[in-house]
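Data first, discussion second: the structure below is written as structure tokens.
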Amino acid sequence: SFLTVMEYNGFKLLTMGDLEDDAIEQFLEKSYIQSRISGTDVLIAPHHGLDSSYTSELFEYISPDLIAISDAGGTDASASSKYSDQAEGKTVERRDGPDKEKYVISTRDNGVLQFKIYSDGSYKAIID
């Protein structure tokens, strides 16, 4: 798996595929990685948000508004509550209901997540 940082107009999204916690911690030993991930707005939780990929060390370098978990079903091995404690929170617009502040969003519970990124670096999160 790759550690990937996507940045557009100041909006930054970090994804790590299926990296496990040991591999993430090895990446975090590198100062250029620490600096590159700083300012992350949205984290796509590694390895579908499983506990085996959660490392609190990551949050020494990032304070994301939202953490997205791509999963098909709940599991006892989920680190969703740990991730929720690490996110700052963001008001998410819902197409089928009222806007709501979220910390963690999952494809299982929320469906498709879209981002509208503005030229000033601000962004809107939308759940379909």
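In the structure tokens, each chain is lettered A, B, ... as it comes, each chain's residues begin at 1, and ligands are numbered from 1 in order of appearance.
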
Using only C-alpha atoms, what does the table of region 39-72 of chain A residues within 12 Å of region 2-8 of chain A look like, with each row giving the shortest atom pair and its distance in Å to one decimal, sorted by chain and ascending number, as CSV?
```
residue,atom,partner,partner_atom,distance
A:Gly39,CA,A:Glu7,CA,10.1
A:Thr40,CA,A:Val5,CA,8.4
A:Asp41,CA,A:Glu7,CA,9.7
A:Val42,CA,A:Met6,CA,10.0
A:Leu43,CA,A:Val5,CA,9.5
A:Ile44,CA,A:Thr4,CA,10.1
A:Ala45,CA,A:Leu3,CA,11.2
A:Pro46,CA,A:Leu3,CA,9.3
A:His47,CA,A:Phe2,CA,11.4
```

> Would you give me, as a PyMOL selection string, the residues in chain A that DSSP reads as strand (DSSP E)?
Replying inline: chain A and resi 4-8+11-15+42-44+66-69+90-94+100-102+104-106+113-117+123-127

> Can you tell me, as a list in words, what residues are no more than 8 Å from region 85-97 of chain A when counting only C-alpha atoms, ignoring any on the same chain fewer than 2 positions away?
Replying inline: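 With the cut-off at 8 Å, the set is Phe59, Ser63, Pro64, Asp65, Leu66, Ile67, Ser81, Lys82, Tyr83, Asp99, Lys100, Glu101, Lys102, Tyr103, Val104, Lys124, Ala125, Ile126, Ile127 and Asp128 of chain A.
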
> At what distance in Å, to one decimal, does CA of Phe115 (chain A) lie from CA of Ser52 (chain A)?
Replying inline: 27.7 Å

>> One decimal, in Å: what's the spacing between CA of Arg36 (chain A) and CA of Gln114 (chain A)?
In response: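 Going from CA of Arg36 (chain A) over to CA of Gln114 (chain A) covers 23.0 Å.
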
> So, counting only C-alpha atoms, which residue among A:Ser78, A:Ser84, A:Ser122, A:Ser70 is closest to Asp109 (chain A)?
Replying inline: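 Closest residue, counting only C-alpha atoms: A:Ser70.
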
>> Counting only C-alpha atoms, which residue out of A:Glu29, A:Glu20, A:Val112, A:Ser38 sits closest to Ile62 (chain A)?
In response: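 Among A:Glu29, A:Glu20, A:Val112, A:Ser38, it is A:Ser38 that comes nearest to Ile62 (chain A).
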
>> I need the residues of region 5-128 of chain A that end up classed as helix (DSSP H, G or I) by DSSP on the backbone, written out as a PyMOL selection string.
In response: chain A and resi 21-28+31-37+46-49+51-53+56-60+80-86+107-110

> Pick the closest to Asp21 (chain A) from A:Ile37, A:Leu113, A:Ala79, A:Ala68: which is it, counting only C-alpha atoms?
Replying inline: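 Counting only C-alpha atoms, the residue closest to Asp21 (chain A) is A:Ala79.
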
> Looking at only C-alpha atoms, which of A:Gln26, A:Phe11, A:Ser1, A:Asp18 is the one that sits closest to Asp120 (chain A)?
Replying inline: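 Of the candidates, the smallest distance to Asp120 (chain A) is held by A:Phe11.
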